[in-house]
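Structure file model_27.csv (CSV, C-alpha atoms) is printed below.
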chain,number,residue,atom,x,y,z
V,12,MET,CA,120.6,186.4,60.9
V,13,GLY,CA,124.4,186.1,60.6
V,14,GLU,CA,126.9,184.5,62.9
V,15,TYR,CA,126.8,187.4,65.2
V,16,ALA,CA,123.2,186.8,66.2
V,17,ASN,CA,124.1,185.5,69.7
V,18,LEU,CA,127.1,187.8,70.0
V,19,LEU,CA,125.5,191.2,70.0
V,20,THR,CA,122.6,192.5,72.1
V,21,LEU,CA,120.1,195.1,70.8
V,22,PRO,CA,122.0,198.1,72.3
V,23,ASP,CA,125.2,196.7,70.7
V,24,GLU,CA,123.5,196.6,67.3
V,25,PHE,CA,122.1,200.1,67.7
V,26,ALA,CA,125.6,201.4,68.7
V,27,LEU,CA,127.1,199.6,65.7
V,28,LEU,CA,124.7,201.3,63.4
V,29,LEU,CA,125.7,204.7,64.8
V,30,HIS,CA,129.3,204.1,63.6
V,31,LYS,CA,130.1,205.0,60.0
V,32,PRO,CA,132.4,203.0,57.8
V,33,SER,CA,134.8,206.0,57.9
V,34,GLY,CA,135.4,205.5,61.6
V,35,SER,CA,133.4,208.5,62.8
V,36,HIS,CA,130.0,208.2,64.4
V,37,VAL,CA,126.7,210.0,64.3
V,38,ALA,CA,126.9,212.8,66.8
V,39,GLY,CA,124.0,214.2,69.0
V,40,ALA,CA,122.6,214.6,72.4
V,41,ASN,CA,120.4,211.5,72.1
V,42,LEU,CA,123.1,209.0,71.3
V,43,ASN,CA,122.9,207.7,74.9
V,44,THR,CA,119.1,208.0,75.0
V,45,GLY,CA,118.7,205.7,72.0
V,46,THR,CA,121.2,203.2,73.2
V,47,ALA,CA,119.6,203.2,76.7
V,48,ALA,CA,116.2,202.6,75.1
V,49,ALA,CA,117.8,199.6,73.3
V,50,GLU,CA,119.0,198.3,76.6
V,51,ILE,CA,115.5,198.3,78.0
V,52,GLY,CA,114.3,196.7,74.8
V,53,GLU,CA,116.8,193.9,75.2
V,54,LEU,CA,115.6,193.3,78.8
V,55,VAL,CA,112.0,193.2,77.6
V,56,LEU,CA,113.0,190.7,74.9
V,57,ARG,CA,114.6,188.5,77.5
V,58,GLY,CA,111.6,188.7,79.8
V,59,ARG,CA,113.5,190.6,82.5
V,60,MET,CA,111.2,193.7,82.3
V,61,VAL,CA,107.7,194.4,81.2
V,62,PRO,CA,106.2,197.7,80.0
V,63,GLN,CA,103.4,199.3,82.0
V,64,SER,CA,102.1,202.1,79.8
V,65,THR,CA,105.0,204.6,79.6
V,66,ALA,CA,106.8,202.9,82.5
V,67,VAL,CA,108.7,199.6,82.8
V,68,GLN,CA,108.6,197.1,85.7
V,69,LEU,CA,111.3,194.7,86.7
V,70,LEU,CA,110.5,191.0,86.6
V,71,ASP,CA,113.8,189.2,87.1
V,72,ALA,CA,117.1,190.7,88.4
V,73,ALA,CA,119.1,187.5,88.4
V,74,SER,CA,122.6,187.6,86.9
V,75,SER,CA,122.7,187.5,83.1
V,76,GLY,CA,126.3,187.0,82.3
V,77,HIS,CA,126.5,190.4,80.6
V,78,PRO,CA,128.2,193.0,82.9
V,79,TRP,CA,126.3,196.0,81.5
V,80,MET,CA,123.0,194.2,82.0
V,81,ASP,CA,123.7,193.1,85.5
V,82,GLN,CA,124.8,196.6,86.4
V,83,LEU,CA,121.6,198.0,84.9
V,84,LEU,CA,119.4,195.4,86.6
V,85,THR,CA,121.0,196.3,90.0
V,86,GLN,CA,120.5,200.0,89.5
V,87,PHE,CA,116.9,199.5,88.3
V,88,GLN,CA,116.2,197.3,91.4
V,89,GLN,CA,117.4,200.1,93.6
V,90,VAL,CA,115.3,202.7,91.9
V,91,ALA,CA,112.2,200.5,91.9
V,92,GLY,CA,112.5,199.8,95.6
V,93,ARG,CA,111.3,196.9,97.7
V,94,GLU,CA,107.8,197.3,96.4
V,95,ASN,CA,109.1,197.1,92.8
V,96,HIS,CA,107.4,200.2,91.5
V,97,PRO,CA,107.2,200.7,87.8
V,98,VAL,CA,109.8,203.3,86.6
V,99,GLU,CA,108.9,205.9,84.0
V,100,LEU,CA,110.9,205.1,80.8
V,101,SER,CA,111.6,208.8,79.9
V,102,TRP,CA,113.0,209.5,83.4
V,103,TRP,CA,115.1,206.3,83.5
V,104,LEU,CA,116.7,207.0,80.1
V,105,GLN,CA,118.2,210.2,81.3
V,106,LEU,CA,120.2,208.3,84.0
V,107,ARG,CA,122.0,206.2,81.3
V,108,SER,CA,124.3,209.0,80.3
V,109,ASN,CA,127.1,206.7,79.2
V,110,ALA,CA,125.1,204.0,77.4
V,111,PHE,CA,126.6,204.6,74.0
V,112,PHE,CA,130.2,204.6,75.2
V,113,ALA,CA,129.6,201.5,77.3
V,114,HIS,CA,128.4,199.5,74.2
V,115,ARG,CA,131.1,201.0,72.0
V,116,ALA,CA,133.5,199.4,74.5
V,117,VAL,CA,131.6,196.1,74.2
V,118,LEU,CA,132.0,196.2,70.4
V,119,VAL,CA,135.7,196.9,70.7
V,120,ASP,CA,136.2,194.0,73.1
V,121,ARG,CA,134.4,191.7,70.7
V,122,GLY,CA,136.3,192.8,67.6
V,123,VAL,CA,133.3,194.4,65.9
V,124,LEU,CA,134.9,197.8,66.1
V,125,ARG,CA,138.6,198.4,65.3
V,126,VAL,CA,140.1,201.4,67.1
V,127,GLU,CA,142.4,203.7,65.2
V,128,ARG,CA,144.2,205.9,67.8
V,129,ARG,CA,144.7,209.5,66.5
V,130,LYS,CA,145.3,213.0,67.9
V,131,PHE,CA,143.9,216.2,66.5
V,132,LEU,CA,146.7,218.8,66.1
V,133,GLY,CA,148.9,216.2,67.8
V,134,LEU,CA,147.3,216.9,71.2
V,135,LEU,CA,143.5,216.1,71.4
V,136,PRO,CA,142.3,212.6,71.2
V,137,ASP,CA,140.5,212.0,67.9
V,138,ASP,CA,140.2,208.2,67.7
V,139,ARG,CA,138.3,206.5,65.0
V,140,TYR,CA,136.2,203.3,65.4
V,141,HIS,CA,135.9,201.3,62.2
V,142,PRO,CA,133.0,198.8,62.2
V,143,ASP,CA,133.3,195.3,60.8
V,144,ARG,CA,131.8,195.9,57.4
V,145,SER,CA,130.4,192.4,56.9
V,146,ILE,CA,128.5,192.5,60.3
V,147,ARG,CA,127.2,196.0,59.8
V,148,THR,CA,126.2,195.3,56.2
V,149,ALA,CA,124.3,192.1,57.3
V,150,LEU,CA,122.5,194.0,60.0
V,151,LEU,CA,121.5,196.8,57.6
V,152,ALA,CA,120.3,194.2,55.1
V,153,GLU,CA,118.0,192.8,57.7
V,154,LEU,CA,116.5,196.2,58.5
V,155,HIS,CA,116.1,197.1,54.8
V,156,GLY,CA,114.5,193.8,54.1
V,157,MET,CA,112.0,194.4,56.9
V,158,ALA,CA,111.4,198.0,55.6
V,159,ARG,CA,110.8,196.7,52.1
V,160,GLY,CA,108.3,194.2,53.5
V,161,GLU,CA,110.5,191.2,52.5
V,162,LEU,CA,111.1,190.1,56.1
V,163,PRO,CA,108.3,190.1,58.7
V,164,PRO,CA,109.2,191.9,61.9
V,165,ASP,CA,110.0,189.8,64.9
V,166,GLY,CA,110.5,191.3,68.4
V,167,ARG,CA,114.1,192.2,67.9
V,168,LEU,CA,113.8,193.7,64.4
V,169,ALA,CA,110.7,195.6,65.3
V,170,LEU,CA,112.5,197.3,68.3
V,171,LEU,CA,115.6,198.0,66.2
V,172,GLY,CA,113.6,199.5,63.4
V,173,ALA,CA,111.6,201.6,65.8
V,174,LEU,CA,114.8,202.9,67.4
V,175,VAL,CA,116.2,203.8,63.9
V,176,HIS,CA,113.0,205.7,63.2
V,177,ARG,CA,112.7,207.4,66.6
V,178,SER,CA,116.3,208.5,66.5
V,179,GLY,CA,116.1,210.0,63.0
V,180,LEU,CA,118.7,207.7,61.5
V,181,GLU,CA,116.8,206.6,58.4
V,182,HIS,CA,118.4,209.1,56.0
V,183,ALA,CA,121.9,208.3,57.3
V,184,LEU,CA,121.3,204.6,56.8
V,185,ASP,CA,119.9,205.1,53.2
V,186,PHE,CA,116.3,204.2,53.8
V,187,ASP,CA,114.1,205.5,50.9
V,188,ARG,CA,110.8,207.2,51.5
V,189,GLU,CA,108.7,204.0,51.2
V,190,GLN,CA,111.0,202.2,53.6
V,191,ARG,CA,110.9,205.1,56.1
V,192,THR,CA,107.1,205.0,56.0
V,193,ARG,CA,107.3,201.3,56.8
V,194,LEU,CA,109.6,201.9,59.8
V,195,LYS,CA,107.3,204.6,61.1
V,196,ALA,CA,104.4,202.2,60.8
V,197,ILE,CA,106.3,199.6,62.8
V,198,ALA,CA,107.3,202.2,65.5
V,199,ASP,CA,103.6,203.2,65.7
V,200,ARG,CA,102.6,199.5,66.2
V,201,GLU,CA,100.7,199.2,62.9
V,202,ASP,CA,100.3,195.8,61.3
V,203,LEU,CA,103.1,194.2,63.3
V,204,GLY,CA,102.1,190.6,62.6
V,205,ASP,CA,102.1,187.6,64.9
V,206,ALA,CA,105.8,187.3,65.4
V,207,VAL,CA,106.0,190.4,67.6
V,208,PRO,CA,105.2,189.5,71.2
V,209,ALA,CA,102.8,191.6,73.2
V,210,PRO,CA,105.5,192.9,75.6
V,211,VAL,CA,107.5,194.2,72.6
V,212,ALA,CA,104.4,195.9,71.2
V,213,ALA,CA,103.9,197.5,74.6
V,214,MET,CA,107.6,198.6,74.6
V,215,LEU,CA,107.1,200.2,71.2
V,216,ARG,CA,104.3,202.3,72.7
V,217,ALA,CA,106.5,203.3,75.7
V,218,MET,CA,109.3,204.2,73.4
V,219,ALA,CA,107.1,206.9,71.9
V,220,THR,CA,107.9,208.9,75.0
V,221,MET,CA,111.7,209.0,74.3
V,222,PRO,CA,113.3,212.2,73.0
V,223,THR,CA,113.8,211.9,69.3
V,224,ALA,CA,116.1,213.1,66.5
V,225,ILE,CA,119.8,212.5,67.0
V,226,ALA,CA,121.7,215.3,65.3
V,227,MET,CA,123.1,214.0,62.0
V,228,ALA,CA,126.5,215.7,62.1
V,229,GLY,CA,129.6,213.6,61.9
V,230,GLY,CA,131.5,212.7,65.1
Would you write the structure of this file as C-alpha coordinates?
Amino acid sequence: MGEYANLLTLPDEFALLLHKPSGSHVAGANLNTGTAAAEIGELVLRGRMVPQSTAVQLLDAASSGHPWMDQLLTQFQQVAGRENHPVELSWWLQLRSNAFFAHRAVLVDRGVLRVERRKFLGLLPDDRYHPDRSIRTALLAELHGMARGELPPDGRLALLGALVHRSGLEHALDFDREQRTRLKAIADREDLGDAVPAPVAAMLRAMATMPTAIAMAGG
(Lines of atoms letter the chains of each structure in order from A and count residues from 1; the text may use other names and numbers.)
(Lines give C-alpha, C1' and ligand atoms only; values in the text may rest on other atoms or scores of the structure.)
Protein backbone atom coordinates (compact mmCIF):
# COMPACT_ATOMS: atom_id res chain seq x y z
CA MET A 1 0.00 0.00 0.00
CA GLY A 2 1.03 3.67 -0.28
CA GLU A 3 2.63 5.97 2.27
CA TYR A 4 -0.69 6.45 4.06
CA ALA A 5 -0.88 2.79 5.12
CA ASN A 6 -0.14 3.57 8.77
CA LEU A 7 -1.87 6.95 8.72
CA LEU A 8 -5.47 5.97 8.02
CA THR A 9 -7.56 3.44 9.86
CA LEU A 10 -10.29 1.41 8.18
CA PRO A 11 -13.11 3.88 9.02
CA ASP A 12 -10.92 6.74 7.76
CA GLU A 13 -10.49 4.89 4.47
CA PHE A 14 -14.22 4.19 4.18
CA ALA A 15 -15.05 7.83 4.91
CA LEU A 16 -12.51 8.90 2.29
CA LEU A 17 -14.18 6.71 -0.34
CA LEU A 18 -17.50 8.41 0.43
CA HIS A 19 -16.05 11.79 -0.61
CA LYS A 20 -16.19 12.59 -4.31
CA PRO A 21 -13.42 14.46 -6.17
CA SER A 22 -15.90 17.32 -6.64
CA GLY A 23 -15.94 17.93 -2.88
CA SER A 24 -19.42 16.53 -2.30
CA HIS A 25 -20.07 13.19 -0.64
CA VAL A 26 -22.40 10.25 -1.05
CA ALA A 27 -25.53 11.02 0.94
CA GLY A 28 -27.75 8.58 2.80
CA ALA A 29 -29.02 7.38 6.13
CA ASN A 30 -26.36 4.66 6.37
CA LEU A 31 -23.26 6.82 6.08
CA ASN A 32 -22.75 6.53 9.82
CA THR A 33 -23.68 2.84 9.91
CA GLY A 34 -21.06 1.92 7.33
CA THR A 35 -18.40 4.04 9.01
CA ALA A 36 -19.28 2.60 12.43
CA ALA A 37 -19.03 -0.94 11.04
CA ALA A 38 -15.58 0.00 9.76
CA GLU A 39 -14.66 1.16 13.28
CA ILE A 40 -15.53 -2.27 14.68
CA GLY A 41 -13.63 -3.86 11.80
CA GLU A 42 -10.52 -1.87 12.72
CA LEU A 43 -10.79 -3.04 16.33
CA VAL A 44 -11.14 -6.65 15.18
CA LEU A 45 -8.04 -6.22 12.99
CA ARG A 46 -6.14 -4.91 16.02
CA GLY A 47 -7.27 -7.77 18.26
CA ARG A 48 -9.29 -5.43 20.49
CA MET A 49 -12.61 -7.15 19.78
CA VAL A 50 -13.71 -10.55 18.55
CA PRO A 51 -16.98 -11.42 16.77
CA GLN A 52 -19.37 -13.83 18.44
CA SER A 53 -21.95 -14.77 15.79
CA THR A 54 -23.81 -11.47 15.14
CA ALA A 55 -22.31 -9.82 18.24
CA VAL A 56 -18.84 -8.56 19.15
CA GLN A 57 -16.99 -8.97 22.45
CA LEU A 58 -14.36 -6.69 23.93
CA LEU A 59 -10.90 -8.18 24.44
CA ASP A 60 -8.70 -5.17 25.24
CA ALA A 61 -9.81 -1.66 26.27
CA ALA A 62 -6.31 -0.22 26.83
CA SER A 63 -5.48 3.18 25.37
CA SER A 64 -4.73 3.07 21.65
CA GLY A 65 -3.44 6.56 20.88
CA HIS A 66 -6.44 7.24 18.64
CA PRO A 67 -9.02 9.51 20.37
CA TRP A 68 -11.99 8.07 18.47
CA MET A 69 -10.89 4.53 19.27
CA ASP A 70 -10.35 5.20 22.96
CA GLN A 71 -13.77 6.86 23.21
CA LEU A 72 -15.42 3.92 21.47
CA LEU A 73 -13.64 1.37 23.65
CA THR A 74 -14.75 3.21 26.80
CA GLN A 75 -18.35 3.37 25.60
CA PHE A 76 -18.30 -0.28 24.58
CA GLN A 77 -16.88 -1.30 27.95
CA GLN A 78 -19.73 0.53 29.69
CA VAL A 79 -22.35 -1.21 27.54
CA ALA A 80 -20.75 -4.64 27.93
CA GLY A 81 -20.75 -4.27 31.71
CA ARG A 82 -18.53 -5.86 34.32
CA GLU A 83 -19.25 -9.33 32.96
CA ASN A 84 -18.18 -8.18 29.46
CA HIS A 85 -21.25 -9.43 27.65
CA PRO A 86 -21.12 -9.61 23.84
CA VAL A 87 -22.94 -6.70 22.22
CA GLU A 88 -25.12 -7.18 19.15
CA LEU A 89 -23.47 -5.44 16.20
CA SER A 90 -26.70 -4.24 14.58
CA TRP A 91 -27.76 -2.60 17.88
CA TRP A 92 -24.36 -1.03 18.54
CA LEU A 93 -24.06 0.52 15.08
CA GLN A 94 -27.18 2.59 15.71
CA LEU A 95 -25.42 4.30 18.64
CA ARG A 96 -22.60 5.64 16.45
CA SER A 97 -24.72 8.35 14.88
CA ASN A 98 -21.79 10.68 14.23
CA ALA A 99 -19.18 8.19 13.01
CA PHE A 100 -18.92 9.55 9.47
CA PHE A 101 -18.46 13.14 10.63
CA ALA A 102 -15.92 12.10 13.28
CA HIS A 103 -13.74 10.46 10.65
CA ARG A 104 -14.24 13.32 8.23
CA ALA A 105 -12.69 15.50 10.95
CA VAL A 106 -9.77 13.06 11.23
CA LEU A 107 -9.20 13.26 7.47
CA VAL A 108 -9.26 17.06 7.59
CA ASP A 109 -6.79 17.12 10.50
CA ARG A 110 -4.41 14.86 8.61
CA GLY A 111 -4.62 16.83 5.38
CA VAL A 112 -6.37 14.07 3.43
CA LEU A 113 -9.45 16.26 2.94
CA ARG A 114 -9.18 19.95 2.02
CA VAL A 115 -12.10 22.05 3.23
CA GLU A 116 -13.63 24.67 0.94
CA ARG A 117 -15.88 26.91 3.05
CA ARG A 118 -19.03 27.93 1.18
CA LYS A 119 -22.54 29.19 1.91
CA PHE A 120 -25.67 28.37 -0.07
CA LEU A 121 -27.56 31.56 -0.98
CA GLY A 122 -25.02 33.34 1.17
CA LEU A 123 -26.60 31.98 4.35
CA LEU A 124 -26.56 28.20 4.78
CA PRO A 125 -23.27 26.30 5.24
CA ASP A 126 -22.46 24.36 2.07
CA ASP A 127 -18.85 23.35 2.62
CA ARG A 128 -16.99 21.07 0.25
CA TYR A 129 -14.40 18.47 1.28
CA HIS A 130 -11.94 17.72 -1.50
CA PRO A 131 -10.02 14.44 -1.08
CA ASP A 132 -6.33 14.09 -1.76
CA ARG A 133 -6.60 12.52 -5.21
CA SER A 134 -3.40 10.50 -5.04
CA ILE A 135 -4.39 8.84 -1.75
CA ARG A 136 -7.96 8.16 -2.84
CA THR A 137 -6.80 6.85 -6.23
CA ALA A 138 -4.24 4.53 -4.59
CA LEU A 139 -6.89 3.16 -2.26
CA LEU A 140 -9.31 2.56 -5.12
CA ALA A 141 -6.55 0.89 -7.13
CA GLU A 142 -6.06 -1.62 -4.32
CA LEU A 143 -9.77 -2.38 -4.15
CA HIS A 144 -10.10 -2.73 -7.91
CA GLY A 145 -7.02 -4.95 -7.97
CA MET A 146 -8.61 -7.23 -5.39
CA ALA A 147 -11.93 -7.20 -7.26
CA ARG A 148 -10.12 -8.20 -10.49
CA GLY A 149 -8.39 -11.05 -8.67
CA GLU A 150 -4.95 -9.46 -9.06
CA LEU A 151 -4.49 -8.89 -5.32
CA PRO A 152 -5.41 -11.58 -2.79
CA PRO A 153 -7.54 -10.17 0.02
CA ASP A 154 -5.96 -9.66 3.41
CA GLY A 155 -7.97 -8.79 6.51
CA ARG A 156 -8.10 -5.06 5.86
CA LEU A 157 -8.93 -5.24 2.15
CA ALA A 158 -11.55 -7.94 2.72
CA LEU A 159 -13.33 -5.77 5.29
CA LEU A 160 -13.13 -2.63 3.15
CA GLY A 161 -14.36 -4.47 0.06
CA ALA A 162 -17.24 -5.97 2.03
CA LEU A 163 -18.18 -2.53 3.35
CA VAL A 164 -18.21 -1.14 -0.20
CA HIS A 165 -20.49 -3.99 -1.25
CA ARG A 166 -22.81 -3.88 1.77
CA SER A 167 -23.17 -0.11 1.45
CA GLY A 168 -24.01 -0.24 -2.25
CA LEU A 169 -21.02 1.89 -3.30
CA GLU A 170 -19.81 -0.32 -6.16
CA HIS A 171 -21.45 1.67 -8.95
CA ALA A 172 -20.33 5.03 -7.58
CA LEU A 173 -16.76 3.72 -7.40
CA ASP A 174 -16.86 2.30 -10.95
CA PHE A 175 -16.69 -1.42 -10.24
CA ASP A 176 -17.87 -3.39 -13.26
CA ARG A 177 -20.20 -6.39 -13.05
CA GLU A 178 -17.45 -8.97 -12.69
CA GLN A 179 -15.75 -6.92 -9.99
CA ARG A 180 -19.02 -6.43 -8.14
CA THR A 181 -19.53 -10.19 -8.19
CA ARG A 182 -16.08 -10.64 -6.67
CA LEU A 183 -16.78 -8.10 -3.90
CA LYS A 184 -20.03 -9.89 -3.10
CA ALA A 185 -18.19 -13.21 -2.88
CA ILE A 186 -15.69 -11.67 -0.45
CA ALA A 187 -18.50 -10.17 1.64
CA ASP A 188 -20.16 -13.62 1.68
CA ARG A 189 -16.87 -15.21 2.85
CA GLU A 190 -16.38 -17.29 -0.30
CA ASP A 191 -12.80 -18.26 -1.19
CA LEU A 192 -11.12 -15.72 1.07
CA GLY A 193 -7.75 -17.40 1.00
CA ASP A 194 -5.22 -17.89 3.78
CA ALA A 195 -4.36 -14.21 4.33
CA VAL A 196 -7.72 -13.37 5.92
CA PRO A 197 -7.63 -14.21 9.66
CA ALA A 198 -10.48 -16.17 11.20
CA PRO A 199 -11.71 -13.20 13.32
CA VAL A 200 -12.02 -11.11 10.15
CA ALA A 201 -13.99 -13.86 8.43
CA ALA A 202 -16.27 -13.92 11.47
CA MET A 203 -16.61 -10.14 11.27
CA LEU A 204 -17.68 -10.44 7.63
CA ARG A 205 -20.42 -12.78 8.77
CA ALA A 206 -21.54 -10.38 11.50
CA MET A 207 -21.55 -7.48 9.02
CA ALA A 208 -24.29 -9.23 7.08
CA THR A 209 -26.65 -7.98 9.79
CA MET A 210 -25.92 -4.29 9.10
CA PRO A 211 -28.44 -2.18 7.19
CA THR A 212 -27.45 -1.92 3.55
CA ALA A 213 -27.65 0.44 0.58
CA ILE A 214 -26.54 3.99 1.19
CA ALA A 215 -28.57 6.31 -1.02
CA MET A 216 -26.46 7.38 -3.97
CA ALA A 217 -27.50 11.02 -4.21
CA GLY A 218 -24.85 13.72 -4.07
CA GLY A 219 -24.24 15.50 -0.79
Within 8 Å of stretch 133-150 of chain V, counting all atoms listed in the file, which residues show up once you throw out same-chain ones fewer than 5 positions away? Write them as a list in words, please.
-> Met12, Gly13, Tyr15, Glu24, Leu27, Leu28, His30, Lys31, Pro32, Ser33, Gly34, Ser35, His36, Gly122, Val123, Leu124, Arg125, Val126, Glu127 and Arg128 of chain V
Which polymer residues have any atom within 9 Å of an atom of V:Thr220, counting all atoms listed in the file, with same-chain residues fewer than 3 positions away left out, as a ChimeraX atom specification?
-> /V:65,100-101,216-217,223
Please measure the separation of atom CA of V:Leu56 and atom CA of V:Asp23, giving the value in Å to one decimal.
-> 14.2 Å
Of the listed residues V:Val61, V:Leu84, V:Ala47, V:Leu184, that which approaches V:Leu29 most closely, counting all atoms listed in the file =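 Closest to V:Leu29, using all atoms listed in the file: V:Leu184.
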Applying 10 Å and only C-alpha atoms, which residues near V:Met218 remain after dropping the ones on its own chain fewer than 5 positions away? List them as a JSON list (two decimals) with C-alpha atoms, in the coordinates of the input.
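Ended up saving to out10.json:
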[["chain", "number", "residue", "atom", "x", "y", "z"],
["V", 45, "GLY", "CA", 118.70, 205.70, 72.00],
["V", 48, "ALA", "CA", 116.20, 202.60, 75.10],
["V", 49, "ALA", "CA", 117.80, 199.60, 73.30],
["V", 51, "ILE", "CA", 115.50, 198.30, 78.00],
["V", 52, "GLY", "CA", 114.30, 196.70, 74.80],
["V", 62, "PRO", "CA", 106.20, 197.70, 80.00],
["V", 64, "SER", "CA", 102.10, 202.10, 79.80],
["V", 65, "THR", "CA", 105.00, 204.60, 79.60],
["V", 66, "ALA", "CA", 106.80, 202.90, 82.50],
["V", 100, "LEU", "CA", 110.90, 205.10, 80.80],
["V", 101, "SER", "CA", 111.60, 208.80, 79.90],
["V", 170, "LEU", "CA", 112.50, 197.30, 68.30],
["V", 173, "ALA", "CA", 111.60, 201.60, 65.80],
["V", 174, "LEU", "CA", 114.80, 202.90, 67.40],
["V", 177, "ARG", "CA", 112.70, 207.40, 66.60],
["V", 198, "ALA", "CA", 107.30, 202.20, 65.50],
["V", 199, "ASP", "CA", 103.60, 203.20, 65.70],
["V", 212, "ALA", "CA", 104.40, 195.90, 71.20],
["V", 213, "ALA", "CA", 103.90, 197.50, 74.60],
["V", 223, "THR", "CA", 113.80, 211.90, 69.30]]
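Interatomic distance, atom CA of V:Leu18 to atom CA of V:Val119: 12.5 Å.
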Measuring atom to atom with all atoms listed in the file, identify which of V:Met221, V:Glu53, V:Ala72, V:Val175 is nearest to V:Trp103.
->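 Comparing V:Met221, V:Glu53, V:Ala72, V:Val175 against V:Trp103, the winner is V:Met221.
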All heavy atoms modelled onto stretch 190-201 of chain V, as a JSON list (two decimals), in the frame of the given file:
[["chain", "number", "residue", "atom", "x", "y", "z"],
["V", 190, "GLN", "N", 110.47, 202.98, 52.51],
["V", 190, "GLN", "CA", 111.00, 202.20, 53.60],
["V", 190, "GLN", "C", 110.88, 203.02, 54.94],
["V", 190, "GLN", "O", 110.59, 202.44, 55.99],
["V", 190, "GLN", "CB", 112.48, 201.89, 53.37],
["V", 190, "GLN", "CG", 112.68, 200.91, 52.24],
["V", 190, "GLN", "CD", 114.12, 200.79, 51.81],
["V", 190, "GLN", "OE1", 115.01, 201.46, 52.34],
["V", 190, "GLN", "NE2", 114.38, 199.96, 50.82],
["V", 191, "ARG", "N", 111.08, 204.31, 54.87],
["V", 191, "ARG", "CA", 110.90, 205.10, 56.10],
["V", 191, "ARG", "C", 109.46, 205.10, 56.56],
["V", 191, "ARG", "O", 109.19, 205.08, 57.76],
["V", 191, "ARG", "CB", 111.34, 206.59, 55.80],
["V", 191, "ARG", "CG", 112.82, 206.73, 55.51],
["V", 191, "ARG", "CD", 113.28, 208.18, 55.60],
["V", 191, "ARG", "NE", 112.60, 209.06, 54.67],
["V", 191, "ARG", "CZ", 113.01, 209.32, 53.42],
["V", 191, "ARG", "NH1", 114.10, 208.73, 52.95],
["V", 191, "ARG", "NH2", 112.35, 210.19, 52.65],
["V", 192, "THR", "N", 108.53, 205.08, 55.62],
["V", 192, "THR", "CA", 107.10, 205.00, 56.00],
["V", 192, "THR", "C", 106.83, 203.67, 56.69],
["V", 192, "THR", "O", 106.08, 203.61, 57.67],
["V", 192, "THR", "CB", 106.24, 205.10, 54.72],
["V", 192, "THR", "OG1", 106.46, 206.37, 54.11],
["V", 192, "THR", "CG2", 104.76, 204.98, 55.07],
["V", 193, "ARG", "N", 107.47, 202.61, 56.21],
["V", 193, "ARG", "CA", 107.30, 201.30, 56.80],
["V", 193, "ARG", "C", 107.86, 201.27, 58.23],
["V", 193, "ARG", "O", 107.25, 200.73, 59.17],
["V", 193, "ARG", "CB", 107.95, 200.23, 55.95],
["V", 193, "ARG", "CG", 107.97, 198.83, 56.54],
["V", 193, "ARG", "CD", 106.58, 198.25, 56.68],
["V", 193, "ARG", "NE", 106.65, 196.86, 57.12],
["V", 193, "ARG", "CZ", 105.71, 196.26, 57.84],
["V", 193, "ARG", "NH1", 104.62, 196.93, 58.19],
["V", 193, "ARG", "NH2", 105.84, 195.01, 58.20],
["V", 194, "LEU", "N", 109.05, 201.86, 58.43],
["V", 194, "LEU", "CA", 109.60, 201.90, 59.80],
["V", 194, "LEU", "C", 108.75, 202.69, 60.73],
["V", 194, "LEU", "O", 108.60, 202.32, 61.89],
["V", 194, "LEU", "CB", 111.04, 202.53, 59.71],
["V", 194, "LEU", "CG", 112.15, 201.68, 59.07],
["V", 194, "LEU", "CD1", 113.48, 202.42, 59.18],
["V", 194, "LEU", "CD2", 112.26, 200.31, 59.71],
["V", 195, "LYS", "N", 108.19, 203.79, 60.23],
["V", 195, "LYS", "CA", 107.30, 204.60, 61.10],
["V", 195, "LYS", "C", 106.06, 203.76, 61.47],
["V", 195, "LYS", "O", 105.61, 203.81, 62.63],
["V", 195, "LYS", "CB", 106.85, 205.86, 60.35],
["V", 195, "LYS", "CG", 105.94, 206.76, 61.18],
["V", 195, "LYS", "CD", 105.53, 207.99, 60.42],
["V", 195, "LYS", "CE", 104.71, 208.95, 61.31],
["V", 195, "LYS", "NZ", 103.49, 208.31, 61.85],
["V", 196, "ALA", "N", 105.53, 203.00, 60.53],
["V", 196, "ALA", "CA", 104.40, 202.20, 60.80],
["V", 196, "ALA", "C", 104.70, 201.13, 61.89],
["V", 196, "ALA", "O", 103.89, 200.86, 62.79],
["V", 196, "ALA", "CB", 103.86, 201.50, 59.55],
["V", 197, "ILE", "N", 105.89, 200.56, 61.82],
["V", 197, "ILE", "CA", 106.30, 199.60, 62.80],
["V", 197, "ILE", "C", 106.46, 200.27, 64.19],
["V", 197, "ILE", "O", 105.99, 199.75, 65.21],
["V", 197, "ILE", "CB", 107.63, 198.91, 62.40],
["V", 197, "ILE", "CG1", 107.37, 197.99, 61.20],
["V", 197, "ILE", "CG2", 108.25, 198.13, 63.56],
["V", 197, "ILE", "CD1", 108.62, 197.48, 60.54],
["V", 198, "ALA", "N", 107.10, 201.44, 64.20],
["V", 198, "ALA", "CA", 107.30, 202.20, 65.50],
["V", 198, "ALA", "C", 105.92, 202.55, 66.05],
["V", 198, "ALA", "O", 105.77, 202.62, 67.29],
["V", 198, "ALA", "CB", 108.11, 203.43, 65.22],
["V", 199, "ASP", "N", 104.92, 202.79, 65.20],
["V", 199, "ASP", "CA", 103.60, 203.20, 65.70],
["V", 199, "ASP", "C", 102.69, 201.96, 65.90],
["V", 199, "ASP", "O", 101.48, 202.11, 66.10],
["V", 199, "ASP", "CB", 102.92, 204.10, 64.63],
["V", 199, "ASP", "CG", 103.58, 205.46, 64.57],
["V", 199, "ASP", "OD1", 104.29, 205.82, 65.54],
["V", 199, "ASP", "OD2", 103.42, 206.17, 63.56],
["V", 200, "ARG", "N", 103.28, 200.75, 65.83],
["V", 200, "ARG", "CA", 102.60, 199.50, 66.20],
["V", 200, "ARG", "C", 101.47, 199.17, 65.18],
["V", 200, "ARG", "O", 100.46, 198.59, 65.53],
["V", 200, "ARG", "CB", 102.06, 199.52, 67.59],
["V", 200, "ARG", "CG", 103.07, 199.94, 68.61],
["V", 200, "ARG", "CD", 102.52, 200.00, 70.02],
["V", 200, "ARG", "NE", 101.23, 200.64, 70.15],
["V", 200, "ARG", "CZ", 101.04, 201.95, 70.11],
["V", 200, "ARG", "NH1", 102.05, 202.78, 69.95],
["V", 200, "ARG", "NH2", 99.83, 202.45, 70.25],
["V", 201, "GLU", "N", 101.64, 199.52, 63.91],
["V", 201, "GLU", "CA", 100.70, 199.20, 62.90],
["V", 201, "GLU", "C", 101.03, 197.96, 62.15],
["V", 201, "GLU", "O", 102.13, 197.85, 61.62],
["V", 201, "GLU", "CB", 100.56, 200.40, 61.90],
["V", 201, "GLU", "CG", 100.11, 201.72, 62.54],
["V", 201, "GLU", "CD", 100.17, 202.89, 61.57],
["V", 201, "GLU", "OE1", 100.49, 202.65, 60.39],
["V", 201, "GLU", "OE2", 99.92, 204.03, 62.00]]
